[in-house]
Amino acid sequence: APHELPLAEGDDVPTRTWWEHADSPAKLADSLQRSFDALAAIWRDQGPFDGVLGFSMGGLMACAMAARSRTDFSSLRFVLVGGSPLGDSVPGLWRDSSTLDAPLSIPSLHVFGTADRVVDASQSRELAARFADAELFEHEQGHCFPMNRPACDRYIDFITRMQTMVNGLENAAAAAASEPAAAKGDHVACAQKDANTEPEAGPTLCETDEAAQEQRDELEALEAIYPDTLEIEEPAPSGAGEPCARFKIQVNTPESGPLKGKPLTLRIALP
C-alpha cells in the first residue's frame with residue numbers, strides 16, 4: 001500500500017494503508033485514487049497479471065480492481081482474498097453505483113474465519129455476494145489465511161483451475177488470430193499432470209543472500225505442511241549465485257472439481 005501511517009508507540013516499521021482516514025470524504029477518495037493510480041502503474045510497467053491475492057483491506061482492493069477490470073486492469077482473470085470487509089462506506093471504492101447493480105463476472109475465492117474478530121464473517125460473505133460465481137472457504141480460525149493442509153489444498157485447487165482457464169483463453173485468442181500460441185507467463189504456479197516432464201529452461205540462479213535465506217525458510221515451512229508429499233528436486237541455495245529451489249508437491253483435488261478427486265502433482269521453482 002502506498003500510504004504510511006504515523007509510527008505507533010513501540011513500532012519500528014510504519015503501518016501502510018490503501019486509503020488515508022482523512023477528515024473529509026473528498027480527501028479520503030483522493031488518497032484512494034492515488035492507490036489505484038499506483039496499482040495501474042505497476043500493472044502497466046510490470047504486468048500484465050492473471051490474478052491478484054489480497055488479505056483484509058488488500059483483499060477489498062483486489063475486489064475493487066476486479067470491478068475496474070474492463071478499464072485499468074484488463075488482463076485480470078481472478079482474485080483470491082481473505083478476511084476482507086465489504087467497504088461500502090469508503091467513497092470511491094466501487095467507483096459508482098452501477099458497479100453494484102450486477103454481480104462481477106470474474107471468478108473469486110473468498111477465505112474467512114468464524115473466529116475473526118477484526119472482520120466479521122458476515123461482511124466477507126456480503127463481499128463475496130458481489131461476484132456472480134464466488135467460491136467460499138470458511139475456516140474456524142481468526143483474521144488470517146490458514147496454512148494447514150486442507151486450506152493449502154483448496155488454494156492450490158483454485159489457482160490450478162484458474163491457470164487452466166487462463167491458458168484456455170490464451171489458446172483461443174491465439175487460434176482466432178491464426179498465430180502460434182504464445183508461451184505462457186509464470187504469474188501463477190503451473191500445474192503439470194506429468195510430473196516427470198523436465199522444464200525447458202535451465203535453473204534460475206539466486207541473486208542475493210537474503211533471497212537465499214527466504215527460500216530456505218519457505219522450503220522449511222512447506223516441508224512441515226507437506227511432510228509426506230513434497231519431493232525436493234533442487235535444495236534451497238545457501239547463498240547468492242546458486243540455483244534456486246525446485247520441488248514437487250502432490251495434492252488431492254475435490255471430487256466436485258474438474259479432476260474429480262484425482263491426485264495432482266505440482267512442480268514449482270522458487271524465483
# chains A, B, ... in the order shown; residues from 1 in each chain; ligands from 1
>>> select_by_dssp(residues="region 11-196 of chain A", states="strand (DSSP E)", output="ChimeraX atom specification")
/A:16-17,51-55,78-82,108-113,134-139
>>> select_by_dssp(residues="region 11-68 of chain A", states="helix (DSSP H, G or I)", output="ChimeraX atom specification")
/A:25-46,57-67
>>> closest_residue(among="A:Phe158, A:Glu218, A:Asn167, A:Phe73", to="Phe49 (chain A)", atoms="only C-alpha atoms")
A:Phe73
>>> closest_residue(among="A:Ala129, A:Arg77, A:Met61, A:Asp23", to="Pro48 (chain A)", atoms="only C-alpha atoms")
A:Arg77
>>> residues_around(residues="region 135-149 of chain A", least_positions_apart="4", cutoff="12 Å", atoms="only C-alpha atoms", output="PyMOL selection string")
chain A and resi 53-57+59+78-85+106-122+124-131+153-158+221-229+249-252
>>> closest_residue(among="A:Glu234, A:Leu93, A:Leu104, A:Asp50", to="Met165 (chain A)", atoms="only C-alpha atoms")
A:Asp50
>>> residues_around(residues="Ser31 (chain A)", least_positions_apart="3", cutoff="9 Å", atoms="only C-alpha atoms", output="VMD selection string")
chain A and resid 3 18 to 22 26 to 28 34 to 36
>>> write_last_selection(atoms="N, CA, C and O atoms", output="mmCIF file, in the first residue's frame")
data_model
loop_
_atom_site.group_PDB
_atom_site.id
_atom_site.type_symbol
_atom_site.label_atom_id
_atom_site.label_comp_id
_atom_site.auth_asym_id
_atom_site.auth_seq_id
_atom_site.Cartn_x
_atom_site.Cartn_y
_atom_site.Cartn_z
ATOM 1 N N HIS A 3 0.379 4.422 1.158
ATOM 2 C CA HIS A 3 0.288 5.440 2.204
ATOM 3 C C HIS A 3 0.823 4.896 3.527
ATOM 4 O O HIS A 3 0.507 3.770 3.931
ATOM 5 N N TRP A 18 -4.196 1.556 2.262
ATOM 6 C CA TRP A 18 -4.606 1.840 0.892
ATOM 7 C C TRP A 18 -5.361 3.162 0.781
ATOM 8 O O TRP A 18 -5.479 3.720 -0.306
ATOM 9 N N TRP A 19 -5.890 3.636 1.877
ATOM 10 C CA TRP A 19 -6.509 4.963 1.868
ATOM 11 C C TRP A 19 -6.326 5.593 3.238
ATOM 12 O O TRP A 19 -6.247 4.926 4.254
ATOM 13 N N GLU A 20 -6.221 6.915 3.231
ATOM 14 C CA GLU A 20 -5.998 7.662 4.458
ATOM 15 C C GLU A 20 -7.338 7.996 5.104
ATOM 16 O O GLU A 20 -8.295 8.370 4.425
ATOM 17 N N HIS A 21 -7.409 7.867 6.389
ATOM 18 C CA HIS A 21 -8.631 8.199 7.119
ATOM 19 C C HIS A 21 -8.665 9.716 7.333
ATOM 20 O O HIS A 21 -8.335 10.230 8.399
ATOM 21 N N ALA A 22 -9.039 10.418 6.286
ATOM 22 C CA ALA A 22 -8.991 11.874 6.271
ATOM 23 C C ALA A 22 -10.224 12.464 6.948
ATOM 24 O O ALA A 22 -11.189 11.770 7.275
ATOM 25 N N ALA A 26 -13.843 13.751 0.526
ATOM 26 C CA ALA A 26 -13.099 14.097 -0.689
ATOM 27 C C ALA A 26 -11.620 13.751 -0.538
ATOM 28 O O ALA A 26 -10.999 13.212 -1.472
ATOM 29 N N LYS A 27 -11.031 14.044 0.623
ATOM 30 C CA LYS A 27 -9.626 13.721 0.845
ATOM 31 C C LYS A 27 -9.413 12.211 0.897
ATOM 32 O O LYS A 27 -8.415 11.690 0.382
ATOM 33 N N LEU A 28 -10.342 11.497 1.513
ATOM 34 C CA LEU A 28 -10.241 10.040 1.560
ATOM 35 C C LEU A 28 -10.289 9.464 0.154
ATOM 36 O O LEU A 28 -9.480 8.605 -0.221
ATOM 37 N N ARG A 34 -5.213 7.711 -5.545
ATOM 38 C CA ARG A 34 -3.761 7.637 -5.710
ATOM 39 C C ARG A 34 -3.274 6.198 -5.578
ATOM 40 O O ARG A 34 -2.307 5.789 -6.234
ATOM 41 N N SER A 35 -3.941 5.412 -4.741
ATOM 42 C CA SER A 35 -3.593 3.987 -4.618
ATOM 43 C C SER A 35 -3.922 3.243 -5.903
ATOM 44 O O SER A 35 -3.124 2.428 -6.391
ATOM 45 N N PHE A 36 -5.097 3.514 -6.469
ATOM 46 C CA PHE A 36 -5.454 2.872 -7.736
ATOM 47 C C PHE A 36 -4.498 3.291 -8.853
ATOM 48 O O PHE A 36 -4.146 2.477 -9.720
#
>>> closest_residue(among="A:Ala38, A:Glu231, A:Val166, A:Ile268", to="Arg246 (chain A)", atoms="only C-alpha atoms")
A:Ile268
>>> atom_distance(atom1="CA of Gly51 (chain A)", atom2="CA of Leu230 (chain A)")
25.1 Å
>>> atom_distance(atom1="CA of Val90 (chain A)", atom2="CA of Leu32 (chain A)")
8.9 Å
>>> closest_residue(among="A:Ala132, A:Leu60, A:Ala40, A:Ala240", to="Asp72 (chain A)", atoms="only C-alpha atoms")
A:Ala40
